[in-house]
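Student: What follows is query-v3.cif, mmCIF, C-alpha atoms, pLDDT in the B column; chains and numbers go by the auth columns.
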data_protein
loop_
_atom_site.group_PDB
_atom_site.id
_atom_site.type_symbol
_atom_site.label_atom_id
_atom_site.label_comp_id
_atom_site.label_asym_id
_atom_site.label_seq_id
_atom_site.Cartn_x
_atom_site.Cartn_y
_atom_site.Cartn_z
_atom_site.B_iso_or_equiv
_atom_site.auth_seq_id
_atom_site.auth_asym_id
ATOM 1 C CA MET A 1 -49.467 59.270 -100.663 51.00 1 A
ATOM 2 C CA GLN A 2 -48.674 57.439 -97.463 55.00 2 A
ATOM 3 C CA ARG A 3 -45.012 57.318 -98.493 50.00 3 A
ATOM 4 C CA LEU A 4 -45.002 61.094 -99.107 44.00 4 A
ATOM 5 C CA VAL A 5 -46.517 61.782 -95.694 40.00 5 A
ATOM 6 C CA SER A 6 -43.950 59.496 -94.128 51.00 6 A
ATOM 7 C CA LEU A 7 -41.100 61.341 -95.853 43.00 7 A
ATOM 8 C CA ILE A 8 -42.436 64.719 -94.737 45.00 8 A
ATOM 9 C CA PHE A 9 -42.755 63.444 -91.169 44.00 9 A
ATOM 10 C CA GLU A 10 -39.219 62.065 -91.205 50.00 10 A
ATOM 11 C CA ASN A 11 -37.882 65.328 -92.651 51.00 11 A
ATOM 12 C CA ASN A 12 -39.589 67.336 -89.921 52.00 12 A
ATOM 13 C CA LEU A 13 -38.093 65.042 -87.289 46.00 13 A
ATOM 14 C CA LEU A 14 -34.626 65.465 -88.846 42.00 14 A
ATOM 15 C CA GLU A 15 -34.951 69.245 -88.892 55.00 15 A
ATOM 16 C CA GLN A 16 -36.044 69.251 -85.241 56.00 16 A
ATOM 17 C CA GLU A 17 -33.148 66.990 -84.296 52.00 17 A
ATOM 18 C CA ILE A 18 -30.688 69.307 -86.058 41.00 18 A
ATOM 19 C CA LYS A 19 -32.169 72.288 -84.220 51.00 19 A
ATOM 20 C CA ASN A 20 -31.850 70.463 -80.906 50.00 20 A
ATOM 21 C CA MET A 21 -28.260 69.493 -81.709 46.00 21 A
ATOM 22 C CA ASN A 22 -27.353 73.099 -82.572 50.00 22 A
ATOM 23 C CA LEU A 23 -28.962 74.315 -79.370 43.00 23 A
ATOM 24 C CA LYS A 24 -27.018 71.777 -77.330 50.00 24 A
ATOM 25 C CA MET A 25 -23.744 72.737 -79.021 45.00 25 A
ATOM 26 C CA LEU A 26 -24.365 76.432 -78.438 40.00 26 A
ATOM 27 C CA THR A 27 -25.232 75.760 -74.795 42.00 27 A
ATOM 28 C CA LEU A 28 -22.091 73.675 -74.263 38.00 28 A
ATOM 29 C CA ALA A 29 -19.941 76.295 -75.983 42.00 29 A
ATOM 30 C CA ALA A 30 -21.380 79.049 -73.804 43.00 30 A
ATOM 31 C CA LEU A 31 -20.760 76.987 -70.676 40.00 31 A
ATOM 32 C CA ALA A 32 -17.171 76.335 -71.746 42.00 32 A
ATOM 33 C CA VAL A 33 -16.487 80.042 -72.262 42.00 33 A
ATOM 34 C CA LEU A 34 -18.171 81.034 -69.010 43.00 34 A
ATOM 35 C CA THR A 35 -16.207 78.370 -67.146 44.00 35 A
ATOM 36 C CA CYS A 36 -12.820 79.745 -68.231 52.00 36 A
ATOM 37 C CA THR A 37 -13.777 83.433 -68.248 48.00 37 A
ATOM 38 C CA PRO A 38 -14.529 84.376 -64.639 49.00 38 A
ATOM 39 C CA PRO A 39 -15.779 87.872 -63.871 49.00 39 A
ATOM 40 C CA SER A 40 -13.015 90.468 -63.524 58.00 40 A
ATOM 41 C CA PHE A 41 -12.763 92.450 -60.294 76.00 41 A
ATOM 42 C CA ALA A 42 -10.386 95.323 -59.566 90.00 42 A
ATOM 43 C CA VAL A 43 -7.452 94.142 -57.452 95.00 43 A
ATOM 44 C CA ALA A 44 -4.081 95.476 -56.384 94.00 44 A
ATOM 45 C CA PRO A 45 -1.204 94.025 -58.435 96.00 45 A
ATOM 46 C CA PRO A 46 1.022 91.422 -56.795 96.00 46 A
ATOM 47 C CA MET A 47 3.928 92.710 -54.763 96.00 47 A
ATOM 48 C CA PRO A 48 7.383 92.289 -56.396 97.00 48 A
ATOM 49 C CA PRO A 49 8.303 89.071 -54.541 97.00 49 A
ATOM 50 C CA MET A 50 5.132 87.419 -55.846 97.00 50 A
ATOM 51 C CA THR A 51 5.594 88.203 -59.553 98.00 51 A
ATOM 52 C CA ASN A 52 7.237 84.885 -60.403 98.00 52 A
ATOM 53 C CA GLY A 53 5.194 83.259 -63.147 97.00 53 A
ATOM 54 C CA ASP A 54 6.611 79.734 -63.358 96.00 54 A
ATOM 55 C CA GLY A 55 4.148 78.313 -60.842 94.00 55 A
ATOM 56 C CA ASN A 56 6.844 77.164 -58.419 96.00 56 A
ATOM 57 C CA PRO A 57 6.445 78.897 -55.016 96.00 57 A
ATOM 58 C CA ALA A 58 10.106 78.179 -54.278 96.00 58 A
ATOM 59 C CA ASN A 59 11.047 80.661 -56.995 97.00 59 A
ATOM 60 C CA ASN A 60 9.108 83.534 -55.470 97.00 60 A
ATOM 61 C CA GLY A 61 10.972 86.258 -53.591 97.00 61 A
ATOM 62 C CA MET A 62 13.173 89.259 -54.244 97.00 62 A
ATOM 63 C CA LYS A 63 16.229 88.996 -56.483 98.00 63 A
ATOM 64 C CA HIS A 64 18.446 91.907 -55.475 98.00 64 A
ATOM 65 C CA ALA A 65 21.316 93.485 -57.330 98.00 65 A
ATOM 66 C CA ASN A 66 23.474 94.352 -54.330 98.00 66 A
ATOM 67 C CA VAL A 67 25.460 97.519 -55.031 98.00 67 A
ATOM 68 C CA ALA A 68 28.599 98.283 -53.020 97.00 68 A
ATOM 69 C CA LEU A 69 31.085 101.143 -53.042 97.00 69 A
ATOM 70 C CA SER A 70 34.593 100.373 -51.854 96.00 70 A
ATOM 71 C CA GLY A 71 36.752 103.460 -52.001 94.00 71 A
ATOM 72 C CA THR A 72 36.310 104.573 -55.595 96.00 72 A
ATOM 73 C CA VAL A 73 35.143 101.244 -57.019 97.00 73 A
ATOM 74 C CA VAL A 74 31.469 100.396 -57.568 98.00 74 A
ATOM 75 C CA SER A 75 30.556 96.686 -57.595 98.00 75 A
ATOM 76 C CA VAL A 76 27.306 94.773 -58.023 98.00 76 A
ATOM 77 C CA ASN A 77 26.303 91.209 -57.238 98.00 77 A
ATOM 78 C CA ILE A 78 22.948 89.602 -58.041 97.00 78 A
ATOM 79 C CA ASN A 79 21.789 87.187 -55.362 94.00 79 A
ATOM 80 C CA THR A 80 20.536 83.661 -56.061 92.00 80 A
ATOM 81 C CA PRO A 81 17.960 82.267 -55.421 95.00 81 A
ATOM 82 C CA PRO A 82 15.596 83.018 -57.083 96.00 82 A
ATOM 83 C CA PRO A 83 17.210 81.467 -60.161 96.00 83 A
ATOM 84 C CA SER A 84 17.851 83.386 -63.358 97.00 84 A
ATOM 85 C CA PRO A 85 16.092 84.068 -65.617 98.00 85 A
ATOM 86 C CA VAL A 86 13.023 85.045 -63.651 98.00 86 A
ATOM 87 C CA THR A 87 9.680 84.187 -65.224 98.00 87 A
ATOM 88 C CA MET A 88 7.154 86.941 -65.865 98.00 88 A
ATOM 89 C CA ILE A 89 3.621 86.483 -64.520 98.00 89 A
ATOM 90 C CA SER A 90 0.550 87.114 -66.671 97.00 90 A
ATOM 91 C CA GLY A 91 -1.563 90.228 -66.244 97.00 91 A
ATOM 92 C CA HIS A 92 -4.046 89.171 -68.921 96.00 92 A
ATOM 93 C CA GLY A 93 -7.702 89.377 -67.980 94.00 93 A
ATOM 94 C CA THR A 94 -7.031 91.251 -64.721 96.00 94 A
ATOM 95 C CA ASP A 95 -8.216 94.703 -63.691 97.00 95 A
ATOM 96 C CA TYR A 96 -5.502 96.295 -61.549 97.00 96 A
ATOM 97 C CA THR A 97 -6.167 99.265 -59.306 95.00 97 A
ATOM 98 C CA PRO A 98 -5.343 102.133 -58.876 95.00 98 A
ATOM 99 C CA SER A 99 -5.312 103.142 -62.529 96.00 99 A
ATOM 100 C CA LYS A 100 -1.536 103.747 -62.703 97.00 100 A
ATOM 101 C CA PHE A 101 -1.161 99.951 -62.607 98.00 101 A
ATOM 102 C CA ASP A 102 -3.105 99.599 -65.848 97.00 102 A
ATOM 103 C CA VAL A 103 0.307 99.253 -67.524 98.00 103 A
ATOM 104 C CA LEU A 104 0.439 95.717 -66.077 98.00 104 A
ATOM 105 C CA GLU A 105 -2.814 94.638 -67.702 97.00 105 A
ATOM 106 C CA ASN A 106 -2.798 92.387 -70.788 97.00 106 A
ATOM 107 C CA VAL A 107 0.983 91.957 -70.641 98.00 107 A
ATOM 108 C CA TYR A 108 3.433 89.773 -68.732 98.00 108 A
ATOM 109 C CA PHE A 109 5.439 91.349 -65.921 98.00 109 A
ATOM 110 C CA ASN A 110 8.000 90.731 -63.195 98.00 110 A
ATOM 111 C CA ALA A 111 9.397 92.927 -60.411 98.00 111 A
ATOM 112 C CA GLN A 112 11.562 90.438 -58.529 98.00 112 A
ATOM 113 C CA HIS A 113 14.753 92.196 -59.567 98.00 113 A
ATOM 114 C CA GLY A 114 15.604 95.102 -57.279 97.00 114 A
ATOM 115 C CA TRP A 115 18.451 97.442 -56.437 98.00 115 A
ATOM 116 C CA LEU A 116 19.749 97.172 -52.871 97.00 116 A
ATOM 117 C CA PRO A 117 22.672 98.962 -51.148 97.00 117 A
ATOM 118 C CA ASP A 118 25.388 96.639 -49.890 96.00 118 A
ATOM 119 C CA GLY A 119 26.880 98.853 -47.199 93.00 119 A
ATOM 120 C CA PHE A 120 27.078 102.648 -47.041 90.00 120 A
ATOM 121 C CA PHE A 121 27.899 105.109 -49.805 92.00 121 A
ATOM 122 C CA ASN A 122 29.769 107.396 -47.424 87.00 122 A
ATOM 123 C CA THR A 123 32.714 108.093 -49.733 87.00 123 A
ATOM 124 C CA LEU A 124 30.632 109.910 -52.340 95.00 124 A
ATOM 125 C CA PRO A 125 31.787 113.483 -53.083 95.00 125 A
ATOM 126 C CA ALA A 126 29.356 116.233 -52.115 94.00 126 A
ATOM 127 C CA GLY A 127 26.627 116.553 -54.723 95.00 127 A
ATOM 128 C CA ASP A 128 27.322 113.163 -56.306 97.00 128 A
ATOM 129 C CA SER A 129 25.049 110.131 -56.162 97.00 129 A
ATOM 130 C CA ILE A 130 24.636 106.660 -57.618 98.00 130 A
ATOM 131 C CA TRP A 131 23.171 106.562 -61.129 98.00 131 A
ATOM 132 C CA ILE A 132 21.862 103.615 -63.141 98.00 132 A
ATOM 133 C CA LYS A 133 22.034 103.652 -66.951 98.00 133 A
ATOM 134 C CA ARG A 134 20.457 101.248 -69.393 98.00 134 A
ATOM 135 C CA THR A 135 23.163 100.102 -71.816 98.00 135 A
ATOM 136 C CA ALA A 136 21.549 97.284 -73.805 98.00 136 A
ATOM 137 C CA ALA A 137 18.465 95.102 -74.141 98.00 137 A
ATOM 138 C CA THR A 138 17.521 91.903 -75.958 98.00 138 A
ATOM 139 C CA GLN A 139 13.997 90.777 -76.826 98.00 139 A
ATOM 140 C CA PRO A 140 12.035 88.725 -79.376 98.00 140 A
ATOM 141 C CA ALA A 141 11.446 90.375 -82.741 98.00 141 A
ATOM 142 C CA GLY A 142 8.329 92.544 -82.726 98.00 142 A
ATOM 143 C CA SER A 143 7.937 92.479 -78.954 98.00 143 A
ATOM 144 C CA ILE A 144 7.428 95.399 -76.568 98.00 144 A
ATOM 145 C CA PHE A 145 9.715 95.428 -73.510 98.00 145 A
ATOM 146 C CA LYS A 146 9.216 98.202 -70.936 98.00 146 A
ATOM 147 C CA VAL A 147 10.152 99.179 -67.377 98.00 147 A
ATOM 148 C CA TYR A 148 8.024 101.123 -64.884 98.00 148 A
ATOM 149 C CA ASP A 149 9.235 102.953 -61.783 98.00 149 A
ATOM 150 C CA GLY A 150 8.250 100.929 -58.727 97.00 150 A
ATOM 151 C CA GLY A 151 9.710 101.472 -55.300 95.00 151 A
ATOM 152 C CA ASN A 152 10.591 100.253 -51.857 93.00 152 A
ATOM 153 C CA VAL A 153 8.465 97.385 -50.561 86.00 153 A
ATOM 154 C CA ILE A 154 9.585 97.939 -46.958 89.00 154 A
ATOM 155 C CA THR A 155 9.140 101.641 -46.204 90.00 155 A
ATOM 156 C CA GLU A 156 6.599 102.550 -48.912 92.00 156 A
ATOM 157 C CA THR A 157 3.193 101.344 -50.038 92.00 157 A
ATOM 158 C CA MET A 158 2.485 100.601 -53.675 93.00 158 A
ATOM 159 C CA ASN A 159 0.332 103.737 -53.807 92.00 159 A
ATOM 160 C CA ASP A 160 3.558 105.750 -53.313 94.00 160 A
ATOM 161 C CA TRP A 161 5.081 104.437 -56.533 96.00 161 A
ATOM 162 C CA SER A 162 4.908 106.542 -59.695 97.00 162 A
ATOM 163 C CA MET A 163 4.780 103.656 -62.229 98.00 163 A
ATOM 164 C CA ASN A 164 6.187 106.086 -64.805 98.00 164 A
ATOM 165 C CA GLU A 165 8.170 104.502 -67.621 98.00 165 A
ATOM 166 C CA VAL A 166 11.938 104.450 -67.086 98.00 166 A
ATOM 167 C CA TYR A 167 14.889 103.065 -69.102 98.00 167 A
ATOM 168 C CA ALA A 168 12.903 103.437 -72.345 98.00 168 A
ATOM 169 C CA VAL A 169 15.979 103.306 -74.597 98.00 169 A
ATOM 170 C CA ASN A 170 19.690 102.565 -74.318 98.00 170 A
ATOM 171 C CA GLY A 171 21.446 105.453 -72.597 98.00 171 A
ATOM 172 C CA ASP A 172 18.506 106.419 -70.366 98.00 172 A
ATOM 173 C CA ILE A 173 19.627 107.106 -66.799 98.00 173 A
ATOM 174 C CA TRP A 174 17.912 107.080 -63.413 98.00 174 A
ATOM 175 C CA GLN A 175 19.147 108.653 -60.168 98.00 175 A
ATOM 176 C CA TRP A 176 19.070 106.189 -57.309 97.00 176 A
ATOM 177 C CA ASP A 177 18.438 107.360 -53.745 94.00 177 A
ATOM 178 C CA GLY A 178 20.212 104.328 -52.293 95.00 178 A
ATOM 179 C CA ALA A 179 17.041 102.693 -50.958 95.00 179 A
ATOM 180 C CA MET A 180 15.692 99.332 -52.075 96.00 180 A
ATOM 181 C CA GLN A 181 14.040 99.760 -55.483 97.00 181 A
ATOM 182 C CA HIS A 182 11.873 97.284 -57.412 98.00 182 A
ATOM 183 C CA ASP A 183 10.765 98.267 -60.908 98.00 183 A
ATOM 184 C CA TYR A 184 8.160 96.429 -62.971 98.00 184 A
ATOM 185 C CA PHE A 185 9.468 94.941 -66.226 98.00 185 A
ATOM 186 C CA THR A 186 6.768 94.123 -68.789 98.00 186 A
ATOM 187 C CA ALA A 187 6.668 92.208 -72.081 98.00 187 A
ATOM 188 C CA ASP A 188 3.951 91.265 -74.527 98.00 188 A
ATOM 189 C CA LEU A 189 5.277 88.165 -76.323 98.00 189 A
ATOM 190 C CA ALA A 190 6.649 84.792 -75.309 97.00 190 A
ATOM 191 C CA GLY A 191 10.429 84.420 -75.310 98.00 191 A
ATOM 192 C CA ASN A 192 13.573 85.589 -73.560 98.00 192 A
ATOM 193 C CA TYR A 193 14.357 89.163 -72.559 98.00 193 A
ATOM 194 C CA SER A 194 17.288 90.925 -70.917 98.00 194 A
ATOM 195 C CA MET A 195 18.295 94.425 -69.932 98.00 195 A
ATOM 196 C CA SER A 196 21.833 95.524 -69.047 98.00 196 A
ATOM 197 C CA PHE A 197 22.868 98.424 -66.839 98.00 197 A
ATOM 198 C CA ASP A 198 25.877 100.429 -65.753 98.00 198 A
ATOM 199 C CA ILE A 199 25.945 101.570 -62.130 98.00 199 A
ATOM 200 C CA TYR A 200 28.150 104.593 -61.649 98.00 200 A
ATOM 201 C CA VAL A 201 28.871 107.695 -59.565 98.00 201 A
ATOM 202 C CA GLY A 202 27.761 110.960 -61.133 98.00 202 A
ATOM 203 C CA ASP A 203 26.906 114.557 -60.368 98.00 203 A
ATOM 204 C CA ALA A 204 23.412 116.013 -59.978 97.00 204 A
ATOM 205 C CA THR A 205 22.828 115.888 -63.741 97.00 205 A
ATOM 206 C CA GLY A 206 24.067 112.330 -64.210 98.00 206 A
ATOM 207 C CA VAL A 207 27.471 113.149 -65.670 98.00 207 A
ATOM 208 C CA ALA A 208 29.852 110.385 -64.605 98.00 208 A
ATOM 209 C CA ASN A 209 32.628 111.144 -62.136 98.00 209 A
ATOM 210 C CA ALA A 210 35.793 109.901 -63.847 97.00 210 A
ATOM 211 C CA GLY A 211 37.399 109.268 -60.483 97.00 211 A
ATOM 212 C CA PHE A 212 35.132 106.287 -59.810 98.00 212 A
ATOM 213 C CA THR A 213 35.078 102.879 -61.508 98.00 213 A
ATOM 214 C CA PRO A 214 31.551 101.834 -62.577 98.00 214 A
ATOM 215 C CA ALA A 215 29.984 98.371 -62.438 98.00 215 A
ATOM 216 C CA SER A 216 27.613 96.590 -64.786 98.00 216 A
ATOM 217 C CA THR A 217 24.977 93.891 -64.567 98.00 217 A
ATOM 218 C CA THR A 218 22.186 92.246 -66.583 98.00 218 A
ATOM 219 C CA PHE A 219 18.653 91.244 -65.592 98.00 219 A
ATOM 220 C CA ASN A 220 17.234 88.227 -67.450 98.00 220 A
ATOM 221 C CA PHE A 221 13.568 87.350 -67.933 98.00 221 A
ATOM 222 C CA THR A 222 11.499 84.754 -69.740 98.00 222 A
ATOM 223 C CA VAL A 223 7.865 84.707 -70.794 98.00 223 A
ATOM 224 C CA VAL A 224 6.060 81.380 -71.167 95.00 224 A
ATOM 225 C CA PRO A 225 2.844 81.665 -73.204 86.00 225 A
ATOM 226 C CA GLU A 226 -0.415 80.796 -71.499 74.00 226 A
ATOM 227 C CA PRO A 227 -2.313 77.812 -72.938 66.00 227 A
ATOM 228 C CA PRO A 228 -5.462 78.849 -74.828 55.00 228 A
ATOM 229 C CA THR A 229 -7.671 77.364 -72.119 46.00 229 A
ATOM 230 C CA CYS A 230 -10.948 78.778 -73.431 48.00 230 A
ATOM 231 C CA ALA A 231 -10.381 77.465 -76.930 44.00 231 A
ATOM 232 C CA LEU A 232 -9.352 74.054 -75.590 44.00 232 A
ATOM 233 C CA ALA A 233 -12.427 73.897 -73.371 41.00 233 A
ATOM 234 C CA LEU A 234 -14.685 74.786 -76.280 42.00 234 A
ATOM 235 C CA LEU A 235 -13.128 72.198 -78.597 41.00 235 A
ATOM 236 C CA GLY A 236 -13.303 69.629 -75.850 45.00 236 A
ATOM 237 C CA THR A 237 -17.011 70.075 -75.244 40.00 237 A
ATOM 238 C CA ILE A 238 -17.788 69.985 -78.964 40.00 238 A
ATOM 239 C CA GLY A 239 -15.624 66.898 -79.407 46.00 239 A
ATOM 240 C CA LEU A 240 -17.364 65.165 -76.502 41.00 240 A
ATOM 241 C CA PHE A 241 -20.749 65.926 -78.015 41.00 241 A
ATOM 242 C CA VAL A 242 -19.708 64.636 -81.452 41.00 242 A
ATOM 243 C CA ARG A 243 -18.382 61.381 -79.947 45.00 243 A
ATOM 244 C CA ARG A 244 -21.661 60.858 -78.129 45.00 244 A
ATOM 245 C CA ARG A 245 -23.544 61.337 -81.391 47.00 245 A
#
Starting from the file, lay out its structure as C-alpha cells.

Tutor:
Amino acid sequence: MQRLVSLIFENNLLEQEIKNMNLKMLTLAALAVLTCTPPSFAVAPPMPPMTNGDGNPANNGMKHANVALSGTVVSVNINTPPPSPVTMISGHGTDYTPSKFDVLENVYFNAQHGWLPDGFFNTLPAGDSIWIKRTAATQPAGSIFKVYDGGNVITETMNDWSMNEVYAVNGDIWQWDGAMQHDYFTADLAGNYSMSFDIYVGDATGVANAGFTPASTTFNFTVVPEPPTCALALLGTIGLFVRRR
C-alpha cells in the first residue's frame, strides 16, 4: 500500500513537472516571437537613394542612366558607383503610407536606378519627345518582377508620384519629360533580375522617328533572402531549455 501511494505521488510530481516544462517552453516561444516581431507602424517608404538592401551605406545613393542627345544620336551611360547590380531592400513586415505605396509591402524593392538628362534635348523636332521602351527582362522562375512610376526626388515630393505600374511587358513604352525619374522596381523571390530598355525619339504617340539613332541599356538587381530570424530565435530558446534540462 505504501508503495502504491509512493508511485501515485511520484506520478503526480512528474505530471506537474511536465506541465511546468510545457508552460516554460510556451513562455519562451512567445518571448522569442515577440522579440523579433515588433509592432508595425505606418511610415513613408525610403527615398530612392536609400533603397539599397545590402547593408553597406557606401552603396546607397542614386544610380543614374544619363541620357544625351548629340545631333540625331541618342546615347546613355549608367554611372558607377553605386555598383551593379543594386540590391533590393525588404518591404516585408512594414506598413507604408500613403496607401499607393502598399505595392512595396511584402516584396523586395529598389529605386536607385533613375533616368537623368545629360545636356539639353534642343534638337528634337516639334512634337517629338524622348521615349523609353522595355525590350527584355530576366528573373527567377516563378517570380514576380514589376515597376512602379516614381518621380523626381528634387522638385517633387513622394506624394506627387502616381506609383502606377509601368513597363509591365516587353514592348511597353513610357514618355519621358526629360526630368530626373526614379521608378520603384519590385520582386518577390531571391535571385537576380534585369530589365532592358531602348531610349529613342518618337512622336506624341510613341512612334519612333527613323531619323534618330536610339540607345539601349540594362538595369540589374539582386535579391538576397532574409534569414528566418523568428524561427531561429524560437529554435534557439527551445534548444537552450532542452540543454538546461

Student: Work out how far atom CA of A:Asp102 is from atom CA of A:Ala65, in Å to one decimal.

Tutor: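 That distance, rounded to one decimal, is 26.6 Å.
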
Student: Using all atoms listed in the file, which of the listed residues (A:Gln139, A:Ser75, A:Ser84, A:Ser196) sits closest to A:Asn170?

Tutor: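 Checking each candidate against A:Asn170, we get A:Ser196 as the closest.
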
Student: Between A:Pro83, A:Gly178, A:Gly171, A:Pro98, single out the one closest to A:Pro117, counting all atoms listed in the file.

Tutor: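 Nearest candidate to A:Pro117 out of A:Pro83, A:Gly178, A:Gly171, A:Pro98: A:Gly178.
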
Student: By how many Å are atom CA of A:Gly127 and atom CA of A:Val74 apart?

Tutor: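 Atom CA of A:Val74 lies 17.1 Å from atom CA of A:Gly127.
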
Student: Can you work out which one of A:Pro225, A:Gly191, A:Pro140, A:Pro125 has the shortest atom-to-atom distance to A:Ala204, counting all atoms listed in the file?

Tutor: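 Going through A:Pro225, A:Gly191, A:Pro140, A:Pro125 one by one, the smallest distance to A:Ala204 is for A:Pro125.
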
Student: Report, in Å with one decimal, the straight-line distance from atom CA of A:Phe212 to atom CA of A:Phe120.

Tutor: 15.5 Å

Student: So, with all atoms listed in the file as the atoms that count, which of A:Thr87, A:Lys100, A:Met163, A:Leu69 lies closest to A:Asp118?

Tutor: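 Of A:Thr87, A:Lys100, A:Met163, A:Leu69, the one nearest A:Asp118, counting all atoms listed in the file, is A:Leu69.
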
Student: Would you compute the box with edges along x, y and z of the file around stretch 175-185 of chain A, including every atom the file lists for it and 3 Å extra on each side, and give its centre and edge lengths in Å to one decimal, as lines of an AutoDock Vina configuration file?

Tutor:
center_x = 14.2
center_y = 101.8
center_z = -58.6
size_x = 18.1
size_y = 19.7
size_z = 21.3

Student: Using all atoms listed in the file, which of A:Val43, A:Asn192, A:Val73, A:Asn106 sits nearest A:Ala141?

Tutor: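 Checking each candidate against A:Ala141, we get A:Asn192 as the closest.
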
Student: Please determine, counting all atoms listed in the file, which residue among A:Pro46, A:Phe197, A:Val223, A:Ile78 has the shortest atom-to-atom distance to A:Thr94.

Tutor: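 That would be A:Pro46, the residue with the smallest distance to A:Thr94.
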
Student: Using the chain letters and residue numbers of this document, give as a PyMOL selection string the residues selected by the PyMOL selection byres ((chain A and resi 97) around 7).

Tutor: chain A and resi 42-44+95-96+98-99+101

Student: Which residues, named as in the file, does the PyMOL selection byres ((chain A and resi 123) around 10) pick out? Answer as number ranges by chain.

Tutor: A: 69-72, 120-122, 124-126, 128

Student: I would like the residues chosen by the PyMOL selection byres ((chain A and resi 49-54) around 6) on the shown file; could you give them as a list in words?

Tutor: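 For this structure, the PyMOL selection byres ((chain A and resi 49-54) around 6) captures Pro46, Met47, Pro48, Gly55, Asn56, Asn60, Gly61, Met62, Thr87, Met88, Ile89, Asn110 and Gln112 of chain A.
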
Student: Would you save the residues of that selection, restricted to C-alpha atoms, as a PDB file, in the coordinates of the input?

Tutor:
ATOM      1  CA  PRO A  46       1.022  91.422 -56.795  1.00 96.00           C
ATOM      2  CA  MET A  47       3.928  92.710 -54.763  1.00 96.00           C
ATOM      3  CA  PRO A  48       7.383  92.289 -56.396  1.00 97.00           C
ATOM      4  CA  GLY A  55       4.148  78.313 -60.842  1.00 94.00           C
ATOM      5  CA  ASN A  56       6.844  77.164 -58.419  1.00 96.00           C
ATOM      6  CA  ASN A  60       9.108  83.534 -55.470  1.00 97.00           C
ATOM      7  CA  GLY A  61      10.972  86.258 -53.591  1.00 97.00           C
ATOM      8  CA  MET A  62      13.173  89.259 -54.244  1.00 97.00           C
ATOM      9  CA  THR A  87       9.680  84.187 -65.224  1.00 98.00           C
ATOM     10  CA  MET A  88       7.154  86.941 -65.865  1.00 98.00           C
ATOM     11  CA  ILE A  89       3.621  86.483 -64.520  1.00 98.00           C
ATOM     12  CA  ASN A 110       8.000  90.731 -63.195  1.00 98.00           C
ATOM     13  CA  GLN A 112      11.562  90.438 -58.529  1.00 98.00           C
TER      14      GLN A 112
END

Student: Given the point (28.3, 94.3, -62.4) in the file's coordinates, find the residues that have an atom at most 8 Å from it, counting only C-alpha atoms, and give them as JSON, numbers by chain.

Tutor: {"A": [75, 76, 77, 198, 199, 215, 216, 217, 218]}

Student: Around the point (27.0, 109.8, -59.3) (coordinates from the file), which residues reach within 6 Å if we count all atoms listed in the file? Answer as a PyMOL selection string.

Tutor: chain A and resi 128-131+200-203

Student: Write out as a list in words which residues come within 9 Å of A:Met158 when counting all atoms listed in the file, dropping same-chain ones fewer than 4 positions away.

Tutor: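 In the requested format, the answer is Ala44, Pro45, Met47, Gly150, Gly151, Asn152, Val153 and Ser162 of chain A.
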